[in-house]
Structure formats: C-alpha cells, structure tokens
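Student: Data file my_file.txt (compact mmCIF, C-alpha atoms and all ligand atoms) is appended below.
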```txt
# COMPACT_ATOMS: atom_id res chain seq x y z
CA MET X 299 21.05 36.24 -20.65
CA LYS X 300 18.77 33.61 -19.12
CA GLN X 301 20.03 34.68 -15.72
CA LEU X 302 19.26 38.33 -16.51
CA ARG X 303 15.76 37.42 -17.65
CA ARG X 304 15.19 35.48 -14.45
CA TRP X 305 16.24 38.51 -12.42
CA GLY X 306 13.89 40.67 -14.45
CA LEU X 307 11.00 38.28 -13.88
CA GLY X 308 11.88 38.10 -10.18
CA LEU X 309 11.74 41.87 -9.92
CA LEU X 310 8.42 41.96 -11.76
CA ALA X 311 7.06 39.31 -9.40
CA LEU X 312 8.27 41.33 -6.41
CA VAL X 313 6.63 44.53 -7.68
CA THR X 314 3.41 42.59 -8.35
CA MET X 315 3.55 41.07 -4.88
CA VAL X 316 3.97 44.49 -3.27
CA GLY X 317 0.99 45.66 -5.28
CA LEU X 318 -1.06 42.65 -4.15
CA VAL X 319 -0.08 43.14 -0.53
CA THR X 320 -1.27 46.77 -0.77
CA LEU X 321 -4.48 45.59 -2.40
CA ALA X 322 -4.86 42.96 0.29
CA THR X 323 -5.34 45.64 2.91
CA TYR X 324 -8.57 46.56 1.14
CA THR X 325 -9.87 43.17 0.03
CA PRO X 326 -9.97 39.89 1.98
CA ALA X 327 -6.88 37.82 1.23
CA GLN X 328 -7.46 34.57 -0.65
CA GLU X 329 -6.58 31.55 1.52
CA THR X 330 -4.04 29.62 -0.49
CA ALA X 331 -1.73 27.21 1.28
CA ALA X 332 1.90 27.33 0.21
CA PRO X 333 2.90 24.33 -1.94
CA PRO X 334 4.21 21.53 0.28
CA THR X 335 7.89 20.71 0.54
CA LEU X 336 9.29 17.29 1.44
CA GLU X 337 9.89 18.69 4.91
CA SER X 338 6.40 20.14 5.41
CA ALA X 339 4.89 16.90 4.06
CA GLY X 340 6.95 14.86 6.53
CA LEU X 341 8.58 12.93 3.67
CA THR X 342 12.15 11.64 3.44
CA LEU X 343 13.67 10.68 0.08
CA GLU X 344 15.56 7.39 0.36
CA GLU X 345 17.43 5.40 -2.31
CA LEU X 346 16.25 1.77 -2.11
CA GLY X 347 18.47 0.47 -4.90
CA ASP X 348 20.15 1.82 -8.00
CA GLY X 349 17.67 4.36 -9.42
CA VAL X 350 14.82 3.24 -7.16
CA TYR X 351 13.60 5.65 -4.49
CA GLY X 352 11.05 5.82 -1.74
CA LEU X 353 9.40 8.94 -0.36
CA VAL X 354 8.87 7.73 3.17
CA ALA X 355 6.12 9.30 5.29
CA SER X 356 6.62 9.91 8.99
CA VAL X 357 3.21 11.07 10.20
CA ASP X 358 0.98 9.12 12.61
CA PHE X 359 -2.65 8.36 11.76
CA PRO X 360 -4.91 10.27 11.83
CA PRO X 361 -2.39 12.93 10.74
CA ALA X 362 -2.01 15.98 12.98
CA ASP X 363 -1.66 18.19 9.88
CA ALA X 364 -3.75 17.58 6.75
CA GLY X 365 -0.84 18.73 4.55
CA MET X 366 1.37 15.82 5.60
CA ALA X 367 1.63 12.73 3.42
CA ILE X 368 0.01 9.65 4.97
CA CYS X 369 1.49 6.91 2.79
CA ASN X 370 4.83 6.21 1.09
CA GLY X 371 5.44 6.94 -2.59
CA GLY X 372 7.81 5.13 -4.96
CA ILE X 373 9.98 6.19 -7.91
CA VAL X 374 11.64 3.82 -10.41
CA ILE X 375 14.01 5.41 -12.93
CA GLY X 376 14.80 3.38 -16.03
CA ASP X 377 16.80 4.10 -19.21
CA ASP X 378 14.12 6.05 -21.02
CA GLY X 379 11.40 6.81 -18.51
CA VAL X 380 10.18 6.73 -14.95
CA LEU X 381 7.44 4.86 -13.11
CA VAL X 382 5.92 6.37 -9.98
CA VAL X 383 3.82 4.63 -7.37
CA ASP X 384 1.03 6.13 -5.20
CA PRO X 385 0.96 9.95 -5.60
CA PHE X 386 -0.29 10.48 -2.01
CA GLN X 387 -3.66 11.91 -0.92
CA SER X 388 -3.84 15.30 -2.64
CA GLU X 389 -2.98 16.96 -5.93
CA ALA X 390 -0.45 19.21 -4.13
CA LEU X 391 1.39 16.17 -2.75
CA GLY X 392 1.15 14.49 -6.17
CA ASP X 393 2.80 17.59 -7.68
CA LEU X 394 5.51 17.30 -5.03
CA LEU X 395 6.16 13.70 -6.13
CA PHE X 396 6.58 14.77 -9.78
CA ASP X 397 8.76 17.73 -8.76
CA THR X 398 10.94 15.33 -6.76
CA VAL X 399 11.33 13.06 -9.80
CA ALA X 400 12.55 16.11 -11.76
CA THR X 401 15.31 16.67 -9.18
CA LEU X 402 16.55 13.09 -9.77
CA THR X 403 16.40 12.71 -13.55
CA ASP X 404 15.55 14.45 -16.83
CA GLN X 405 13.65 11.39 -18.01
CA PRO X 406 9.88 11.71 -18.40
CA VAL X 407 7.43 9.86 -16.17
CA LYS X 408 5.78 7.11 -18.26
CA TYR X 409 3.53 5.30 -15.79
CA VAL X 410 1.70 6.05 -12.55
CA VAL X 411 0.65 3.00 -10.52
CA ASN X 412 -1.95 2.91 -7.73
CA THR X 413 -1.19 -0.03 -5.40
CA HIS X 414 -4.90 -0.04 -4.37
CA TYR X 415 -7.93 2.23 -4.22
CA HIS X 416 -7.65 3.87 -0.77
CA PHE X 417 -7.70 7.67 -0.88
CA ASP X 418 -4.33 8.17 0.82
CA HIS X 419 -2.67 6.50 -2.21
CA THR X 420 -4.96 7.81 -5.00
CA GLY X 421 -6.08 11.32 -3.97
CA GLY X 422 -3.00 12.73 -5.76
CA ASN X 423 -4.04 11.19 -9.11
CA PRO X 424 -5.20 14.60 -10.48
CA ALA X 425 -1.51 15.61 -10.53
CA ALA X 426 -0.91 12.70 -12.94
CA ALA X 427 -4.03 13.43 -15.00
CA SER X 428 -3.01 17.08 -15.44
CA ARG X 429 0.28 15.82 -16.92
CA ASP X 430 -1.62 13.46 -19.27
CA LEU X 431 0.01 10.41 -17.71
CA PRO X 432 -1.60 6.97 -17.73
CA ILE X 433 -2.68 5.81 -14.25
CA LEU X 434 -2.74 2.05 -13.71
CA GLY X 435 -4.81 0.17 -11.14
CA ARG X 436 -6.30 -3.24 -10.55
CA GLY X 437 -9.69 -4.98 -10.63
CA PRO X 438 -12.61 -3.01 -9.17
CA ILE X 439 -10.45 0.06 -8.37
CA ARG X 440 -12.53 2.49 -10.45
CA GLU X 441 -15.83 1.40 -8.95
CA PHE X 442 -14.41 1.39 -5.41
CA MET X 443 -12.84 4.84 -5.75
CA LEU X 444 -16.00 6.36 -7.24
CA THR X 445 -18.35 4.84 -4.66
CA ARG X 446 -16.23 4.82 -1.51
CA ASN X 447 -13.68 7.65 -1.59
CA GLY X 448 -16.08 10.61 -1.78
CA GLU X 449 -15.70 11.65 1.83
CA ASN X 450 -11.92 11.95 1.67
CA ASP X 451 -11.36 12.84 -1.97
CA THR X 452 -13.16 15.79 -3.56
CA ASN X 453 -11.63 15.24 -7.01
CA ILE X 454 -11.76 11.47 -7.52
CA THR X 455 -9.60 10.55 -10.52
CA PRO X 456 -9.64 6.79 -11.05
CA PRO X 457 -7.06 4.92 -13.16
CA GLU X 458 -7.74 4.66 -16.89
CA VAL X 459 -5.74 1.47 -17.34
CA ILE X 460 -7.03 -1.55 -15.45
CA ILE X 461 -4.54 -4.33 -14.88
CA THR X 462 -5.79 -7.87 -14.43
CA GLY X 463 -3.24 -10.64 -14.11
CA THR X 464 0.51 -10.32 -14.45
CA TRP X 465 2.07 -7.29 -16.12
CA ASP X 466 5.67 -6.42 -16.91
CA LEU X 467 6.35 -2.76 -17.65
CA TRP X 468 9.58 -1.68 -19.32
CA LEU X 469 11.56 1.50 -18.84
CA GLY X 470 14.11 0.92 -21.59
CA GLU X 471 16.12 -2.11 -20.44
CA ARG X 472 14.70 -1.99 -16.92
CA GLN X 473 11.79 -4.26 -16.10
CA VAL X 474 9.18 -3.54 -13.44
CA GLN X 475 6.95 -6.49 -12.54
CA ILE X 476 3.41 -5.64 -11.47
CA ARG X 477 1.83 -8.47 -9.49
CA GLU X 478 -1.59 -9.02 -7.91
CA PHE X 479 -2.00 -10.19 -4.34
CA ASP X 480 -5.01 -10.13 -2.04
CA GLY X 481 -5.90 -9.36 1.52
CA HIS X 482 -5.83 -5.61 2.10
CA SER X 483 -8.33 -3.79 -0.07
CA GLY X 484 -11.04 -5.97 -1.56
CA GLY X 485 -9.31 -7.12 -4.72
CA THR X 486 -7.43 -3.95 -5.74
CA ASP X 487 -4.00 -4.72 -4.22
CA LEU X 488 -0.96 -4.94 -6.41
CA LEU X 489 2.76 -4.49 -5.94
CA ALA X 490 5.71 -3.43 -8.06
CA TYR X 491 9.00 -5.37 -8.08
CA VAL X 492 12.23 -4.23 -9.75
CA PRO X 493 14.22 -7.45 -10.30
CA ASP X 494 17.57 -5.90 -11.29
CA ALA X 495 17.67 -3.92 -8.00
CA ASP X 496 15.79 -6.52 -5.90
CA VAL X 497 13.42 -3.83 -4.61
CA LEU X 498 9.77 -4.48 -3.76
CA ILE X 499 7.26 -1.63 -3.56
CA ALA X 500 4.63 -3.45 -1.54
CA GLY X 501 1.78 -0.95 -1.07
CA ASP X 502 -0.47 -1.67 1.87
CA LEU X 503 0.14 -5.41 1.77
CA PHE X 504 2.88 -4.29 4.17
CA PHE X 505 2.41 -1.96 7.16
CA HIS X 506 5.79 -1.69 8.89
CA GLN X 507 5.71 -1.02 12.63
CA ARG X 508 2.15 0.26 12.23
CA ILE X 509 -1.30 -1.12 13.05
CA PRO X 510 -2.83 -1.85 9.62
CA TYR X 511 -6.07 -0.53 8.18
CA MET X 512 -8.17 -3.70 7.74
CA ALA X 513 -11.75 -2.46 7.23
CA ASP X 514 -12.07 -4.02 3.80
CA GLY X 515 -9.25 -6.50 4.15
CA SER X 516 -9.26 -10.15 5.05
CA ILE X 517 -6.97 -11.22 7.89
CA ARG X 518 -6.56 -14.80 6.70
CA THR X 519 -6.08 -13.89 3.05
CA LEU X 520 -3.45 -11.35 4.06
CA GLN X 521 -1.68 -13.91 6.29
CA ALA X 522 -1.42 -16.25 3.29
CA THR X 523 -0.25 -13.42 1.04
CA LEU X 524 2.45 -12.41 3.51
CA ALA X 525 3.74 -15.99 3.78
CA GLN X 526 3.99 -15.98 -0.02
CA LEU X 527 5.76 -12.59 -0.16
CA ILE X 528 8.24 -13.62 2.56
CA ALA X 529 9.12 -16.68 0.45
CA ASP X 530 9.09 -14.97 -2.97
CA TYR X 531 10.99 -11.81 -2.01
CA SER X 532 13.21 -13.10 0.80
CA THR X 533 16.23 -10.96 -0.14
CA ALA X 534 14.43 -7.82 -1.35
CA THR X 535 14.62 -4.30 0.04
CA MET X 536 10.99 -3.41 0.70
CA LEU X 537 9.09 -0.15 0.65
CA PRO X 538 5.90 -0.70 2.67
CA GLY X 539 2.72 1.32 2.07
CA HIS X 540 3.23 2.78 5.54
CA GLY X 541 6.34 2.78 7.69
CA SER X 542 10.09 2.85 7.18
CA VAL X 543 12.06 0.94 4.53
CA SER X 544 12.28 -2.73 5.51
CA ASP X 545 12.76 -6.31 4.30
CA ALA X 546 11.40 -9.84 4.74
CA GLU X 547 12.25 -9.68 8.44
CA GLY X 548 9.97 -6.65 8.91
CA LEU X 549 7.30 -8.40 6.85
CA THR X 550 7.57 -11.41 9.19
CA ILE X 551 6.87 -9.13 12.18
CA PHE X 552 3.80 -7.77 10.37
CA LYS X 553 2.61 -11.33 9.70
CA SER X 554 3.14 -12.24 13.36
CA TYR X 555 0.88 -9.30 14.29
CA LEU X 556 -1.88 -10.78 12.12
CA ASP X 557 -1.19 -14.27 13.55
CA THR X 558 -1.65 -12.74 17.02
CA LEU X 559 -4.99 -11.21 15.99
CA GLU X 560 -6.08 -14.60 14.66
CA GLY X 561 -5.01 -16.27 17.92
CA LEU X 562 -7.02 -13.75 19.95
CA ALA X 563 -10.11 -14.28 17.79
CA LEU X 564 -9.90 -18.07 18.08
CA GLY X 565 -9.54 -17.67 21.87
CA TRP X 566 -12.72 -15.55 21.97
CA GLN X 567 -14.50 -18.27 19.98
CA THR X 568 -13.49 -20.99 22.44
CA ALA X 569 -14.35 -18.87 25.48
CA GLY X 570 -17.63 -17.53 24.07
CA THR X 571 -16.39 -13.96 24.57
CA SER X 572 -18.87 -11.22 23.63
CA LYS X 573 -17.90 -8.72 20.95
CA GLU X 574 -18.04 -5.93 23.52
CA GLU X 575 -15.53 -7.73 25.74
CA ALA X 576 -13.32 -8.63 22.78
CA LEU X 577 -13.16 -4.99 21.65
CA ALA X 578 -11.74 -4.01 25.06
CA THR X 579 -8.59 -6.10 24.42
CA PRO X 580 -5.41 -4.01 24.83
CA ILE X 581 -2.70 -4.01 22.15
CA PRO X 582 -0.53 -7.09 22.76
CA GLY X 583 2.95 -6.36 24.17
CA PRO X 584 5.18 -6.75 21.11
CA TYR X 585 3.04 -4.28 19.14
CA GLN X 586 2.54 -1.59 21.77
CA ASP X 587 5.03 0.77 20.16
CA PHE X 588 3.48 0.47 16.68
CA MET X 589 2.12 3.74 15.26
CA PHE X 590 -1.48 4.08 13.93
CA GLN X 591 -2.83 2.80 17.29
CA ALA X 592 -6.19 4.49 16.57
CA LEU X 593 -6.79 1.67 14.08
CA PHE X 594 -6.48 -1.12 16.66
CA PRO X 595 -10.15 -1.30 17.78
CA GLY X 596 -11.12 -1.66 14.10
CA ASN X 597 -8.65 -4.56 13.78
CA LEU X 598 -10.26 -6.29 16.77
CA GLU X 599 -13.70 -5.92 15.21
CA VAL X 600 -12.52 -7.32 11.88
CA ALA X 601 -10.89 -10.24 13.72
CA TYR X 602 -14.08 -10.90 15.68
CA ASN X 603 -16.31 -10.78 12.59
CA GLN X 604 -14.07 -12.74 10.26
CA ILE X 605 -12.57 -15.32 12.59
CA THR X 606 -14.63 -15.57 15.81
CA LEU X 607 -17.92 -15.40 13.89
CA GLY X 608 -16.58 -16.86 10.65
CA GLN X 609 -17.81 -14.04 8.39
CA ASP X 610 -14.71 -14.07 6.22
CA ASP X 611 -15.00 -11.37 3.57
CA ALA X 612 -12.56 -13.15 1.24
CA ALA X 613 -15.77 -14.68 -0.14
CA SER X 614 -16.87 -11.30 -1.47
CA ILE X 615 -13.49 -10.73 -3.13
CA GLN X 616 -13.68 -14.13 -4.77
CA GLN X 617 -17.25 -13.43 -5.89
CA TYR X 618 -16.09 -10.27 -7.62
CA LEU X 619 -13.29 -12.07 -9.43
CA ALA X 620 -15.56 -14.96 -10.44
CA ALA X 621 -17.99 -12.47 -12.00
CA GLN X 622 -15.35 -11.14 -14.41
CA PRO X 623 -15.62 -12.62 -17.93
CA GLU X 624 -12.62 -14.85 -18.71
CA VAL X 625 -11.65 -12.65 -21.66
CA LEU X 626 -11.23 -9.64 -19.37
CA LYS X 627 -9.10 -11.62 -16.94
CA ALA X 628 -6.60 -12.22 -19.73
CA LEU X 629 -6.28 -8.58 -20.80
ZN ZN I 701 -2.64 3.24 2.95
```
Just give me the structure of the file as structure tokens.
Ligand SMILES: [Zn+2]

Tutor:
Amino acid sequence: MKQLRRWGLGLLALVTMVGLVTLATYTPAQETAAPPTLESAGLTLEELGDGVYGLVASVDFPPADAGMAICNGGIVIGDDGVLVVDPFQSEALGDLLFDTVATLTDQPVKYVVNTHYHFDHTGGNPAAASRDLPILGRGPIREFMLTRNGENDTNITPPEVIITGTWDLWLGERQVQIREFDGHSGGTDLLAYVPDADVLIAGDLFFHQRIPYMADGSIRTLQATLAQLIADYSTATMLPGHGSVSDAEGLTIFKSYLDTLEGLALGWQTAGTSKEEALATPIPGPYQDFMFQALFPGNLEVAYNQITLGQDDAASIQQYLAAQPEVLKAL
C-alpha cells in the first residue's frame, strides 16, 4: 500500500513538473541548485572506528566549486543517540551531513559540536538549528562568529551551548570527551575523542598534508599543543579538520611543518631580513606537495610577525581567558 502511495505521489510530482516546465517557458526559471550529494560535495564517508565516521573532503583551497565541502565532518553513533561534528560551510551541506547520519542509523542526533568558529565548519549550523538540535562551541565562539564571519556566512547561527573546560558527553554507554586546546583560532578550538574506539576528531588543530590557515592562530602555541596531542593520543586514529584520515605520525609531520616555519622566522631575525624578502620564501621541499598552497604567504607573514618581530598573539588569547569570571570558567 505504501509502495502504491509512493507511486501515486511520484506520478503527481511528474505531472506537476511537466506543468512547471511548460510554465517555465513563459516565466523566468527560479535558480535553485540541486541538493548536494556526497559525490558533488567531494566527500567520502569513512569508518574511523566502530560507529565513528568521517566525511572527508577532497577539495583544494580556495575551492573550485562553491558547492564542495571545504572541511571534514565527523559522526559518532552511540547506543541512544548521535553526535556530529562540524556541519560544513552551508545549510545544504549541513543537511547532507544529517541525511548521511540517517543512512547509518535510526538513532536521533543529540549534539552538534563546532570545533572552532571558522565559517567552513560553522556555516552549516542552520541545518542543526532547523532540527532544534543543540550546537556546542567554546569560549568566544559566538562573538567571533557574529563579528568575523559575515563575509562568508549570510546566515550566521552561533552555538547556544558554550563549553568552557572539560566536558564528557554520553550517548548511552558511549562516552565522547570534549577537550580544549589552543593555537588555531583565538581560543575557540576544541576536539572530540571517543575513548572506546580510540578515535580523535581533531578539528583544525590538525591540517593533514595541507598548508594550515593561521591568520588568527599562534604558531608557538600550536606547536606546544601538537606536542601534547602526539603524546596524549599516540595510538589514536585521527580525523583532521582538513586532509585525509591520519594518526600521530601525520600529526608529527604537521608539527615539523610549524617547526620549519619557526626556524625560518628565527633565521630572518638573525639575518635582519626584511618582511618583503621573507614573504618571497618558497615552500620548503618536504611540504611542496601539500594542498592549500594559496595559504603559504599568509603563514610566512604570521611567522614573521609572531616570531621574527615577537608579536605573539597568544597574549591576546590569554587576555580573553583571564577576563572570564572564574564562575563561568567552571560551568
Ligand atoms: Zn577549517
């Protein structure tokens, strides 16, 4: 009976479509892009551990096609609910994330986590809001999204739950640890770790085989964070914010890239190199096949400002945290 009804509805839709097509010859057609598929979005679904999945993006930056997902998304399926991480940069891609969850399980999504405020990870939040799901983020994420994401996000939807400190979320018997680390995005970075599967969803604390975005990061803070993550999660399967599924070995390569930037910047300091000269530095050999090469000049500038000139912006992150009342830090 259900099948029959579906056929009936299909026929009705077809008749309606024929009608619309006829109408369309007289009125200008409305430009509506077809909903994205995993394929059109350049995403691959990969199982990272039992019931933990990554939607892994393949596009370079800046993306050739605005409909392709820029970052990776995460899915953690528990016993009585699902947690999703980073619903991409648009509502359509956010919808695709939720539709993908529905192909994997009947369980409802309980939590949506933003690993930081950047638009490529939060622009899909309206898809969560339209499903009445709580969106979780850290520290100054609301303020940063509202004041900095306007150019890239026309429907800014900041998290309603602000996490400060250490949080453990439960999906039935399955625990997901939410942890704060610093260095990428001005005090809004967090990661999600699933201990029973030993899977780390690292957000943009980890760019794998890609030049990182560092405009509001701190090279030295991120170096220290990476050393900590390599030690704390030495055996974990890791989903980076950008790039293919990896592990502590891949994270070590990312850290060595930052160590190289630091070494360059210290060399410029010793030699009295001008900023103009420093910015002409080519990508060092081991990193020449990284993607996101358009971001390299920005990395050189950050290295020059923070290390050669000593204008480390970790101070501004610390200032923000120091300004928070103690009672809020404990929430
Ligand atoms: Zn990102």

Student: Rounded to one decimal place, report the CA of Met366 in chain X-CA of Pro424 in chain X distance in Å.

Tutor: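 Atom-to-atom, CA of Met366 in chain X to CA of Pro424 in chain X, that is 17.4 Å.
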
Student: If you count all atoms listed in the file, which residues fall within 12 Å of Thr403 in chain X, apart from same-chain ones fewer than 2 positions away, as a VMD selection string?

Tutor: chain X and resid 349 to 351 373 to 381 396 to 401 405 to 407

Student: So, with all atoms listed in the file as the atoms that count, which of X:Ala563, X:Val492, X:Leu336, X:Ala500 lies closest to ligand ZN 701 (chain I)?

Tutor: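 Closest candidate: X:Ala500.
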
Student: Collect all residues with atoms no farther than 6 Å from ligand ZN 701 (chain I), counting all atoms listed in the file, and output them as a ChimeraX atom specification.

Tutor: /X:369,418,502,539

Student: Just how far from CA of Ile605 in chain X is CA of Leu564 in chain X, in Å to one decimal?

Tutor: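 These two atoms are separated by 6.7 Å.
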
Student: Pick out the closest residue to Thr486 in chain X from this set: X:Gly515, X:Pro510, X:Gly541, X:Gly437. Count all atoms listed in the file.

Tutor: X:Gly437

Student: Could you tell me how far CA of Asp487 in chain X sits from CA of His419 in chain X, in Å to one decimal place?

Tutor: 11.5 Å

Student: Env of Leu562 in chain X: 10 Å cut, atoms = all atoms listed in the file, seq-sep filter 3 positions within chain, self excluded. Answer as a list in words.

Tutor: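 Returned residues: Leu556, Asp557, Thr558, Leu559, Gly565, Trp566, Gln567, Ala576, Thr579, Pro582, Leu598, Ala601, Tyr602, Ile605 and Thr606 of chain X.
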
Student: Would you fill out range 447-467 of chain X with N, CA and C atoms and return it as a short mmCIF file (atom, residue, chain, number, x, y, z; two decimals), in the coordinates of the input?

Tutor:
```cif
data_model
loop_
_atom_site.label_atom_id
_atom_site.label_comp_id
_atom_site.auth_asym_id
_atom_site.auth_seq_id
_atom_site.Cartn_x
_atom_site.Cartn_y
_atom_site.Cartn_z
N ASN X 447 -14.70 6.67 -2.00
CA ASN X 447 -13.68 7.65 -1.59
C ASN X 447 -14.20 9.07 -1.45
N GLY X 448 -15.51 9.26 -1.72
CA GLY X 448 -16.08 10.61 -1.78
C GLY X 448 -15.79 11.47 -0.56
N GLU X 449 -15.86 10.86 0.61
CA GLU X 449 -15.70 11.65 1.83
C GLU X 449 -14.29 12.24 1.97
N ASN X 450 -13.31 11.52 1.49
CA ASN X 450 -11.92 11.95 1.67
C ASN X 450 -11.29 12.55 0.42
N ASP X 451 -11.98 12.44 -0.71
CA ASP X 451 -11.36 12.84 -1.97
C ASP X 451 -12.40 13.63 -2.77
N THR X 452 -12.17 14.95 -2.89
CA THR X 452 -13.16 15.79 -3.56
C THR X 452 -12.97 15.82 -5.08
N ASN X 453 -11.91 15.22 -5.57
CA ASN X 453 -11.63 15.24 -7.01
C ASN X 453 -11.20 13.84 -7.46
N ILE X 454 -12.11 12.88 -7.27
CA ILE X 454 -11.76 11.47 -7.52
C ILE X 454 -11.35 11.28 -8.98
N THR X 455 -10.16 10.75 -9.17
CA THR X 455 -9.60 10.55 -10.52
C THR X 455 -9.13 9.10 -10.63
N PRO X 456 -10.03 8.21 -11.05
CA PRO X 456 -9.64 6.79 -11.05
C PRO X 456 -8.68 6.45 -12.20
N PRO X 457 -7.95 5.34 -12.07
CA PRO X 457 -7.06 4.92 -13.16
C PRO X 457 -7.82 4.68 -14.46
N GLU X 458 -7.13 4.89 -15.58
CA GLU X 458 -7.74 4.66 -16.89
C GLU X 458 -7.27 3.34 -17.47
N VAL X 459 -6.25 2.76 -16.86
CA VAL X 459 -5.74 1.47 -17.34
C VAL X 459 -5.93 0.46 -16.23
N ILE X 460 -6.75 -0.56 -16.48
CA ILE X 460 -7.03 -1.55 -15.45
C ILE X 460 -6.22 -2.81 -15.73
N ILE X 461 -5.42 -3.17 -14.76
CA ILE X 461 -4.54 -4.33 -14.88
C ILE X 461 -5.23 -5.53 -14.26
N THR X 462 -5.29 -6.62 -15.00
CA THR X 462 -5.79 -7.87 -14.43
C THR X 462 -4.80 -8.95 -14.81
N GLY X 463 -4.24 -9.60 -13.82
CA GLY X 463 -3.24 -10.64 -14.11
C GLY X 463 -1.84 -10.12 -13.86
N THR X 464 -0.91 -10.61 -14.66
CA THR X 464 0.51 -10.32 -14.45
C THR X 464 0.98 -9.37 -15.54
N TRP X 465 1.59 -8.26 -15.14
CA TRP X 465 2.07 -7.29 -16.12
C TRP X 465 3.54 -7.01 -15.89
N ASP X 466 4.29 -6.90 -16.98
CA ASP X 466 5.67 -6.42 -16.91
C ASP X 466 5.73 -5.11 -17.67
N LEU X 467 6.16 -4.06 -16.99
CA LEU X 467 6.35 -2.76 -17.65
C LEU X 467 7.83 -2.56 -17.88
#
```
